[in-house]
$ cat coords.txt   # compact mmCIF, C-alpha atoms and all ligand atoms
# COMPACT_ATOMS: atom_id res chain seq x y z
CA MET A 486 60.73 -12.94 -190.99
CA TYR A 487 63.87 -14.85 -190.06
CA HIS A 488 66.82 -14.43 -187.78
CA ILE A 489 70.39 -15.53 -188.11
CA LEU A 490 71.40 -15.71 -184.52
CA LEU A 491 74.71 -15.19 -182.87
CA GLY A 492 73.07 -15.46 -179.46
CA THR A 493 70.22 -13.75 -177.71
CA ALA A 494 71.16 -11.49 -174.90
CA THR A 495 70.05 -8.63 -172.78
CA ILE A 496 72.40 -6.03 -174.11
CA ALA A 497 73.73 -3.37 -171.84
CA LEU A 498 74.45 -0.39 -174.01
CA PHE A 499 78.02 0.55 -173.22
CA THR A 500 78.42 3.80 -171.39
CA GLY A 501 81.92 4.63 -172.61
CA CYS A 502 83.15 7.38 -170.32
CA ASN A 503 81.38 5.81 -167.41
CA GLN A 504 82.50 2.19 -167.66
CA ASP A 505 82.08 1.35 -163.96
CA ALA A 506 78.57 2.64 -163.62
CA GLN A 507 75.52 0.44 -164.00
CA PRO A 508 74.19 0.46 -167.57
CA LYS A 509 71.59 3.18 -167.90
CA ASN A 510 69.60 1.46 -170.60
CA GLU A 511 69.07 -2.16 -171.25
CA ILE A 512 67.52 -3.42 -174.43
CA GLN A 513 66.40 -6.90 -175.27
CA ASN A 514 67.88 -7.58 -178.66
CA THR A 515 69.13 -10.33 -180.85
CA VAL A 516 72.80 -10.37 -181.69
CA GLY A 517 73.15 -11.26 -185.36
CA ILE A 518 71.01 -10.38 -188.34
CA SER A 519 67.26 -10.47 -188.86
CA SER A 520 65.02 -9.36 -191.68
CA LYS A 521 61.49 -8.23 -192.32
CA ASN A 522 59.50 -7.56 -195.44
CA TRP A 523 59.50 -3.85 -196.28
CA GLY A 524 57.33 -3.75 -199.40
CA GLU A 525 57.88 -4.05 -203.10
CA TRP A 526 59.54 -1.97 -205.82
CA ASP A 527 60.10 -2.68 -209.52
CA GLY A 528 58.25 -5.98 -209.00
CA LYS A 529 60.86 -7.10 -206.47
CA SER A 530 60.57 -7.70 -202.75
CA VAL A 531 62.21 -5.16 -200.53
CA PHE A 532 63.53 -6.18 -197.12
CA LEU A 533 64.86 -4.40 -194.09
CA TYR A 534 67.79 -6.13 -192.39
CA THR A 535 68.75 -5.47 -188.79
CA LEU A 536 72.36 -6.05 -187.80
CA THR A 537 73.01 -6.07 -184.06
CA ASN A 538 76.32 -6.48 -182.27
CA LYS A 539 76.95 -7.59 -178.70
CA ASN A 540 77.23 -3.98 -177.49
CA GLY A 541 73.75 -3.10 -178.68
CA VAL A 542 74.79 -1.16 -181.77
CA VAL A 543 71.96 -1.68 -184.26
CA VAL A 544 72.25 -0.88 -187.98
CA THR A 545 69.31 -1.32 -190.32
CA ILE A 546 69.90 -1.65 -194.04
CA SER A 547 67.45 -2.11 -196.88
CA ASN A 548 68.14 -3.86 -200.15
CA TYR A 549 66.32 -0.90 -201.77
CA GLY A 550 69.33 1.17 -202.76
CA GLY A 551 71.49 -0.72 -200.25
CA THR A 552 70.36 2.02 -197.91
CA ILE A 553 71.43 2.40 -194.28
CA THR A 554 68.13 3.55 -192.76
CA SER A 555 69.25 3.86 -189.14
CA TRP A 556 72.39 3.38 -187.06
CA VAL A 557 71.62 3.34 -183.39
CA VAL A 558 74.40 3.89 -180.89
CA PRO A 559 74.41 5.17 -177.30
CA ASP A 560 75.33 8.70 -176.26
CA LYS A 561 77.54 9.59 -173.27
CA ASN A 562 74.67 8.76 -170.91
CA GLY A 563 73.98 5.42 -172.55
CA LYS A 564 70.85 6.74 -174.29
CA PRO A 565 70.46 5.17 -177.75
CA GLY A 566 69.83 7.29 -180.85
CA SER A 567 70.37 7.06 -184.58
CA ILE A 568 73.33 9.02 -185.92
CA VAL A 569 72.07 9.02 -189.53
CA LEU A 570 69.07 10.50 -191.32
CA GLY A 571 66.56 7.92 -192.49
CA PHE A 572 62.93 6.90 -192.73
CA ASP A 573 61.07 4.05 -191.06
CA SER A 574 59.22 2.98 -194.22
CA LEU A 575 60.04 2.36 -197.88
CA THR A 576 57.56 5.09 -198.88
CA GLY A 577 59.90 7.76 -197.52
CA TYR A 578 62.66 6.59 -199.85
CA LEU A 579 60.39 6.36 -202.88
CA GLU A 580 59.87 10.12 -202.55
CA HIS A 581 63.56 10.50 -203.47
CA PRO A 582 65.22 12.10 -200.50
CA PRO A 583 68.72 13.24 -201.56
CA TYR A 584 70.46 9.84 -201.26
CA PHE A 585 69.86 9.37 -197.50
CA GLY A 586 72.10 6.43 -196.50
CA ALA A 587 72.20 5.01 -200.03
CA LEU A 588 74.81 3.11 -201.97
CA VAL A 589 75.77 5.44 -204.77
CA GLY A 590 76.96 4.37 -208.21
CA ARG A 591 77.92 3.56 -210.91
CA TYR A 592 79.81 6.83 -210.47
CA GLY A 593 79.36 8.65 -207.15
CA ASN A 594 79.62 12.45 -207.46
CA ARG A 595 79.65 14.50 -210.67
CA ILE A 596 80.79 13.97 -214.26
CA ALA A 597 80.91 17.25 -216.20
CA ASN A 598 78.24 17.60 -218.90
CA GLY A 599 77.47 13.89 -218.45
CA LYS A 600 80.19 13.11 -220.95
CA PHE A 601 83.54 11.33 -221.11
CA LYS A 602 85.78 9.64 -223.66
CA ILE A 603 87.41 6.24 -223.81
CA GLY A 604 89.80 6.14 -226.74
CA ASP A 605 87.86 7.66 -229.64
CA SER A 606 84.44 6.81 -228.27
CA VAL A 607 82.41 9.50 -226.53
CA TYR A 608 79.89 8.31 -223.94
CA HIS A 609 76.83 10.36 -222.99
CA LEU A 610 75.38 9.78 -219.55
CA ALA A 611 72.00 10.79 -218.14
CA THR A 612 72.19 14.37 -216.85
CA ASN A 613 70.32 14.92 -213.59
CA ASN A 614 72.12 17.86 -211.95
CA GLY A 615 71.77 20.79 -214.30
CA LYS A 616 74.00 19.93 -217.22
CA ASN A 617 76.03 17.42 -215.18
CA HIS A 618 75.68 13.78 -214.25
CA LEU A 619 75.39 13.13 -210.49
CA HIS A 620 75.54 9.92 -208.43
CA GLY A 621 74.89 7.50 -211.29
CA GLY A 622 72.10 9.38 -213.06
CA LEU A 623 68.31 9.29 -213.04
CA LYS A 624 68.11 5.76 -211.72
CA GLY A 625 71.40 5.13 -209.98
CA PHE A 626 72.28 2.26 -207.65
CA ASP A 627 70.39 4.08 -204.86
CA LYS A 628 67.05 3.50 -206.64
CA VAL A 629 67.32 -0.18 -207.52
CA VAL A 630 66.54 -3.32 -205.55
CA TRP A 631 69.69 -5.30 -204.78
CA SER A 632 69.67 -9.05 -204.17
CA ALA A 633 70.67 -9.70 -200.59
CA SER A 634 72.42 -12.50 -198.71
CA PRO A 635 72.48 -12.06 -194.97
CA THR A 636 75.13 -14.22 -193.37
CA THR A 637 76.94 -14.48 -190.14
CA ASP A 638 80.28 -15.92 -189.25
CA SER A 639 81.14 -14.48 -185.89
CA VAL A 640 79.52 -11.13 -186.70
CA PRO A 641 76.49 -10.04 -188.76
CA MET A 642 77.12 -9.43 -192.46
CA LEU A 643 74.91 -8.43 -195.35
CA VAL A 644 76.10 -8.99 -198.92
CA LEU A 645 74.24 -7.06 -201.63
CA ASN A 646 74.59 -7.80 -205.34
CA TYR A 647 73.49 -5.85 -208.36
CA THR A 648 74.19 -6.23 -212.07
CA SER A 649 74.14 -2.95 -213.93
CA LYS A 650 73.44 -3.56 -217.60
CA ASP A 651 75.57 -2.37 -220.52
CA GLY A 652 74.14 1.05 -221.47
CA GLU A 653 72.38 1.67 -218.14
CA GLU A 654 72.29 5.46 -217.61
CA GLY A 655 74.67 5.63 -220.58
CA TYR A 656 77.58 3.66 -219.07
CA PRO A 657 79.46 1.08 -221.13
CA GLY A 658 79.71 -2.52 -219.98
CA ASN A 659 77.83 -4.94 -217.80
CA LEU A 660 79.03 -4.23 -214.28
CA ILE A 661 78.61 -6.88 -211.59
CA VAL A 662 78.70 -5.19 -208.19
CA SER A 663 78.91 -6.72 -204.76
CA VAL A 664 78.87 -4.74 -201.51
CA LYS A 665 79.41 -6.29 -198.09
CA TYR A 666 78.31 -4.60 -194.87
CA THR A 667 79.85 -6.04 -191.68
CA LEU A 668 79.10 -4.90 -188.12
CA THR A 669 81.85 -5.92 -185.70
CA ASN A 670 81.86 -6.19 -181.93
CA ASP A 671 84.39 -3.33 -181.88
CA ASN A 672 81.53 -1.09 -183.04
CA GLU A 673 82.86 -0.82 -186.55
CA LEU A 674 80.70 -0.89 -189.63
CA SER A 675 82.75 -1.81 -192.65
CA ILE A 676 81.64 -1.53 -196.26
CA GLU A 677 83.57 -3.50 -198.83
CA TYR A 678 82.88 -2.74 -202.49
CA ASN A 679 83.75 -5.10 -205.37
CA ALA A 680 82.95 -4.88 -209.07
CA VAL A 681 83.93 -6.44 -212.38
CA THR A 682 83.07 -5.36 -215.91
CA ASP A 683 83.11 -6.72 -219.46
CA LYS A 684 83.94 -3.30 -221.05
CA THR A 685 86.10 -0.45 -219.76
CA THR A 686 83.89 1.80 -217.63
CA PRO A 687 84.24 4.44 -214.90
CA VAL A 688 83.35 3.19 -211.40
CA ASN A 689 83.21 5.19 -208.16
CA LEU A 690 81.14 3.61 -205.40
CA THR A 691 80.32 5.14 -202.04
CA ASN A 692 77.78 5.33 -199.27
CA HIS A 693 75.79 8.53 -198.83
CA SER A 694 74.90 8.47 -195.12
CA TYR A 695 74.02 11.82 -193.59
CA PHE A 696 75.48 11.94 -190.08
CA ASN A 697 74.40 14.00 -187.13
CA LEU A 698 76.06 12.62 -184.00
CA SER A 699 73.58 14.39 -181.73
CA SER A 700 70.86 12.20 -183.28
CA ASP A 701 68.67 15.32 -183.37
CA PRO A 702 68.40 16.87 -186.86
CA GLU A 703 67.07 20.06 -185.29
CA ARG A 704 70.54 20.61 -183.79
CA THR A 705 72.65 21.45 -186.85
CA VAL A 706 76.07 19.86 -187.32
CA LEU A 707 77.79 23.26 -187.12
CA ASP A 708 78.82 22.66 -183.49
CA GLN A 709 80.34 19.26 -184.27
CA THR A 710 84.10 18.98 -184.69
CA LEU A 711 85.83 17.51 -187.72
CA TRP A 712 89.34 16.40 -188.52
CA ILE A 713 90.28 15.42 -192.08
CA ASP A 714 93.73 14.14 -192.95
CA ALA A 715 93.99 16.28 -196.10
CA ASP A 716 96.50 19.03 -196.86
CA ASN A 717 94.78 19.67 -200.21
CA TYR A 718 91.36 19.79 -201.79
CA THR A 719 89.95 20.09 -205.30
CA PRO A 720 88.43 23.58 -205.94
CA VAL A 721 85.23 23.59 -208.00
CA ASP A 722 83.41 25.79 -210.52
CA SER A 723 79.90 27.17 -209.97
CA THR A 724 78.37 23.78 -210.93
CA LEU A 725 80.58 21.94 -208.40
CA ILE A 726 82.84 20.41 -211.06
CA PRO A 727 86.55 20.42 -210.08
CA THR A 728 88.61 22.97 -211.95
CA GLY A 729 91.40 20.38 -212.21
CA LYS A 730 93.61 22.18 -209.68
CA ILE A 731 94.79 20.62 -206.43
CA ALA A 732 94.90 23.47 -203.89
CA SER A 733 96.36 23.71 -200.41
CA VAL A 734 93.94 24.01 -197.50
CA LYS A 735 96.45 26.08 -195.53
CA GLY A 736 95.02 29.40 -194.37
CA THR A 737 91.59 28.58 -195.84
CA PRO A 738 88.29 27.42 -194.27
CA PHE A 739 89.08 23.99 -195.80
CA ASP A 740 91.82 23.38 -193.24
CA PHE A 741 90.60 20.50 -191.04
CA THR A 742 94.12 19.13 -190.49
CA VAL A 743 93.55 19.91 -186.82
CA PRO A 744 90.06 19.32 -185.36
CA VAL A 745 87.84 22.34 -186.08
CA LYS A 746 84.17 23.13 -185.40
CA ILE A 747 82.36 22.88 -188.72
CA GLY A 748 80.60 26.20 -188.15
CA LYS A 749 83.88 28.10 -187.71
CA GLY A 750 84.64 28.78 -191.36
CA ILE A 751 81.44 27.72 -193.12
CA ASP A 752 80.19 31.26 -193.74
CA SER A 753 83.21 32.00 -195.92
CA VAL A 754 82.48 28.98 -198.15
CA LYS A 755 79.81 29.95 -200.68
CA GLY A 756 76.81 27.65 -200.23
CA GLY A 757 78.56 25.63 -197.49
CA TYR A 758 81.00 22.73 -197.74
CA ASP A 759 80.50 20.47 -200.75
CA HIS A 760 84.09 19.66 -201.68
CA ASN A 761 86.41 16.78 -202.34
CA PHE A 762 89.40 16.55 -200.02
CA VAL A 763 92.62 15.00 -201.31
CA LEU A 764 93.55 12.58 -198.54
CA ASN A 765 97.19 12.48 -197.43
CA ARG A 766 98.39 9.02 -198.27
CA LYS A 767 101.43 7.17 -199.54
CA ASP A 768 99.64 4.06 -200.73
CA SER A 769 96.11 2.71 -201.00
CA SER A 770 96.06 0.83 -197.70
CA LEU A 771 93.16 1.17 -195.28
CA GLN A 772 93.97 4.36 -193.43
CA ARG A 773 92.33 6.53 -190.74
CA VAL A 774 91.35 9.69 -192.64
CA ALA A 775 88.70 11.58 -190.66
CA GLN A 776 87.10 11.96 -187.27
CA LEU A 777 83.85 13.60 -186.25
CA THR A 778 83.04 14.35 -182.61
CA ASP A 779 80.12 15.92 -180.80
CA SER A 780 80.69 17.21 -177.28
CA PHE A 781 76.92 17.54 -176.69
CA SER A 782 76.18 13.81 -177.09
CA GLY A 783 79.73 12.59 -176.42
CA ARG A 784 79.68 10.56 -179.62
CA LYS A 785 82.72 10.04 -181.83
CA LEU A 786 82.98 8.59 -185.32
CA GLU A 787 86.26 7.67 -187.01
CA LEU A 788 86.54 6.98 -190.70
CA PHE A 789 88.99 4.64 -192.42
CA THR A 790 89.29 4.09 -196.15
CA THR A 791 91.40 2.84 -199.03
CA GLU A 792 90.09 5.67 -201.24
CA PRO A 793 92.11 8.76 -202.25
CA GLY A 794 89.30 11.31 -201.73
CA LEU A 795 86.57 12.38 -199.33
CA GLN A 796 83.56 14.52 -200.25
CA PHE A 797 82.61 16.63 -197.25
CA TYR A 798 79.07 17.91 -197.75
CA THR A 799 77.22 19.89 -195.07
CA GLY A 800 73.65 19.17 -196.22
CA ASN A 801 73.45 22.59 -197.90
CA PHE A 802 70.47 21.65 -200.07
CA LEU A 803 68.37 20.21 -197.23
CA ASP A 804 65.43 22.57 -196.94
CA GLY A 805 62.93 21.12 -194.47
CA LYS A 806 60.95 19.27 -197.17
CA PHE A 807 61.66 15.94 -195.47
CA LYS A 808 60.73 15.21 -191.86
CA THR A 809 61.79 12.49 -189.43
CA ALA A 810 59.27 9.89 -188.23
CA ASP A 811 58.67 11.99 -185.11
CA GLY A 812 57.94 15.10 -187.20
CA LYS A 813 61.30 16.85 -186.85
CA SER A 814 62.29 19.08 -189.71
CA ILE A 815 65.38 18.18 -191.75
CA GLY A 816 66.70 21.60 -192.67
CA LYS A 817 69.96 23.09 -193.96
CA HIS A 818 73.02 21.61 -192.16
CA ALA A 819 70.82 19.10 -190.30
CA ALA A 820 73.44 16.47 -191.14
CA LEU A 821 76.68 16.01 -193.05
CA CYS A 822 78.10 13.48 -195.47
CA LEU A 823 81.62 12.07 -195.54
CA GLU A 824 81.68 10.25 -198.87
CA THR A 825 84.85 8.24 -199.45
CA GLN A 826 85.55 8.23 -203.16
CA HIS A 827 87.79 8.94 -206.13
CA PHE A 828 87.74 12.59 -207.16
CA PRO A 829 84.69 14.05 -208.94
CA ASP A 830 84.87 14.21 -212.74
CA SER A 831 87.96 11.94 -212.82
CA PRO A 832 86.98 10.45 -216.23
CA ASN A 833 87.67 13.92 -217.70
CA GLU A 834 90.74 14.73 -215.60
CA PRO A 835 93.72 12.64 -216.72
CA ASP A 836 95.84 13.92 -213.80
CA PHE A 837 93.40 12.62 -211.15
CA PRO A 838 93.72 8.98 -209.99
CA SER A 839 91.96 6.88 -212.63
CA THR A 840 88.43 5.58 -212.10
CA PHE A 841 88.39 3.39 -215.20
CA LEU A 842 87.85 -0.29 -214.52
CA MET A 843 88.99 -2.65 -217.28
CA PRO A 844 87.73 -6.13 -218.07
CA GLY A 845 89.78 -8.73 -216.18
CA LYS A 846 90.44 -6.34 -213.25
CA THR A 847 88.52 -6.16 -209.98
CA TYR A 848 87.38 -2.92 -208.39
CA HIS A 849 87.94 -3.30 -204.66
CA THR A 850 87.68 -0.61 -201.97
CA ILE A 851 86.98 -0.65 -198.24
CA THR A 852 85.56 2.03 -195.97
CA LYS A 853 85.16 1.49 -192.25
CA TYR A 854 83.37 3.63 -189.65
CA ARG A 855 84.32 3.17 -185.98
CA PHE A 856 81.93 4.42 -183.35
CA SER A 857 82.83 5.20 -179.73
CA VAL A 858 81.94 7.50 -176.86
CA LEU A 859 84.34 10.30 -175.89
CA LYS A 860 86.33 9.63 -172.73
C1 LIG A 901 76.91 16.23 -203.46
C2 LIG A 901 75.97 17.38 -203.25
C3 LIG A 901 74.57 16.87 -203.47
C4 LIG A 901 74.32 15.75 -202.48
C5 LIG A 901 72.96 15.15 -202.63
C6 LIG A 901 76.59 15.17 -202.44
O1 LIG A 901 77.42 14.09 -202.64
O2 LIG A 901 78.25 16.63 -203.35
O3 LIG A 901 76.26 18.43 -204.14
O4 LIG A 901 73.65 17.89 -203.30
O5 LIG A 901 75.27 14.75 -202.66
O6 LIG A 901 72.70 14.87 -203.93

$ encode --input "coords.txt" --output "C-alpha cells" --more "lines below"
Ligand code: BGC
Amino acid sequence: MYHILLGTATIALFTGCNQDAQPKNEIQNTVGISSKNWGEWDGKSVFLYTLTNKNGVVVTISNYGGTITSWVVPDKNGKPGSIVLGFDSLTGYLEHPPYFGALVGRYGNRIANGKFKIGDSVYHLATNNGKNHLHGGLKGFDKVVWSASPTTDSVPMLVLNYTSKDGEEGYPGNLIVSVKYTLTNDNELSIEYNAVTDKTTPVNLTNHSYFNLSSDPERTVLDQTLWIDADNYTPVDSTLIPTGKIASVKGTPFDFTVPVKIGKGIDSVKGGYDHNFVLNRKDSSLQRVAQLTDSFSGRKLELFTTEPGLQFYTGNFLDGKFKTADGKSIGKHAALCLETQHFPDSPNEPDFPSTFLMPGKTYHTITKYRFSVLK
C-alpha cells in the first residue's frame, strides 16, 4: 500500500447549512490519494484507490472497469454516507452488477442491431441486449483492468489508461483511451475522457454511477428532485432505440426544465425513465446541465458537461438480486443514473451529433459533479 500525501489532517466534515456549529463528525483521514491491492483479474493486479479532499469527501475508484465504488459525503447533519451504489470487494463486481459506477465504452448506450456502416463497410458488434449492442458489448471497458497512475498536484488525481484493440467487440481501430478523475477541494469530482484511434470508429464514453443521495438504497429515488436543462428528448422504440425524432418535453412527464420530484410523472412512463435528454446548449463548452436534490438528507448534486446528451435512467431493471455490504436490498428505483453522452444509436442516425472519431483527431469530453449540502 502507498499514499501520495497532500497533508494529514483531522477532517471536520463540513456541515453546510450549519456552518457555525461544531462539526458533528470528525474523521481521521489522509488528504491525497492512497491505494490498496484489491485482487486480480485477467492475470492483472486490481487496486482500489482512495481520493480524499480537505473537506473529508472520499471517493474510491478501482482500476477494474475504472469503477467508482463509493463516494462518501456528509448529509445535512454532517453524517457521512455514500451517494452511489457499490460493493466493498472485487468479487461483487465480478458477478456483473449492471455497470455500478463503471466507465462505459467503447460506445456507451445502445447501437441498433449491433450494426453500423462507415462508407461501404458494415461493422457487426457483439449483441448483448436482445438484438442490440449495449455499453460496449460483452466485455466492455467496465470489465477490463485499466493501467492506473495516481498523482497529485494540489489535489488527488487518478489517470486510467486502456488500449482497446482493433476488432475488440467488433469495433474498428486500435483506440487508446485515457480517463482522468480529479477530486477538488470545492467538492467536485471531474472526469476527463480522451481517446485517439488509428481507424475511424464510434466512441461514446461515460460513467455509469447509480446515485441515491439519501445513501440508503431502501429509500427509492422517487422522492428526490431533478432538474435537467433539456427542452427536448429522444423518444425510443420498445427496445430503447431512438426513433430518430427529437421531441419536446413540454406537457409530458419528461419535463424537468423546472425541478420536479422524480416520482411525480414516472407512472406514466412505461417501465420508468430510461431516456436520452437533448441538452439545451449553444456550443460544446462545459455547462451546468442537471441538478439532483434530496430534502431528506439535505444533499445536492450538480452536473456539468461538454456532452450534448444525458441518459436519465431510474434503475428500472434493479430487482433486489444485488445487496449492499450491510445486507440492504437494491431494488427497482433504488438509485438513478445521469449518464452524460452523445445520443444512443448515433452511428445509425446521421442527423444526431456525430460520434465517429477519425485518425488524427482527439476525442475529448469533460463531466464534472459538484456536491454540496442544501442551505
Ligand atoms: C441503460 C439501461 C440499462 C442500464 C444498465 C442504462 O444506461 O439506459 O437501459 O438497463 O444502463 O445496463

$ closest_residue --input "coords.txt" --among "A:Gln796, A:Ser639, A:Ser634, A:Ser782" --to "Asn761 of chain A" --atoms "only C-alpha atoms"
A:Gln796

$ residues_around --input "coords.txt" --residues "Lys539 of chain A" --least-positions-apart "2" --cutoff "7 Å" --atoms "all atoms listed in the file" --output "PyMOL selection string"
chain A and resi 496+516+537+541+670

$ atom_distance --input "coords.txt" --atom1 "atom CA of Asp768 of chain A" --atom2 "atom CA of Thr790 of chain A"
11.3 Å

$ closest_residue --input "coords.txt" --among "A:Lys628, A:His693, A:Lys665, A:Lys755" --to "ligand LIG 901 (chain A)" --atoms "all atoms listed in the file"
A:His693

$ closest_residue --input "coords.txt" --among "A:Arg595, A:Lys561, A:Lys813, A:Arg773" --to "ligand LIG 901 (chain A)" --atoms "all atoms listed in the file"
A:Arg595

$ residues_near_ligand --input "coords.txt" --ligand "ligand LIG 901 (chain A)" --cutoff "8 Å" --atoms "all atoms listed in the file" --output "ChimeraX atom specification"
/A:583-584,593-595,619-620,693,725,759-760,796-798,800-802,822,824
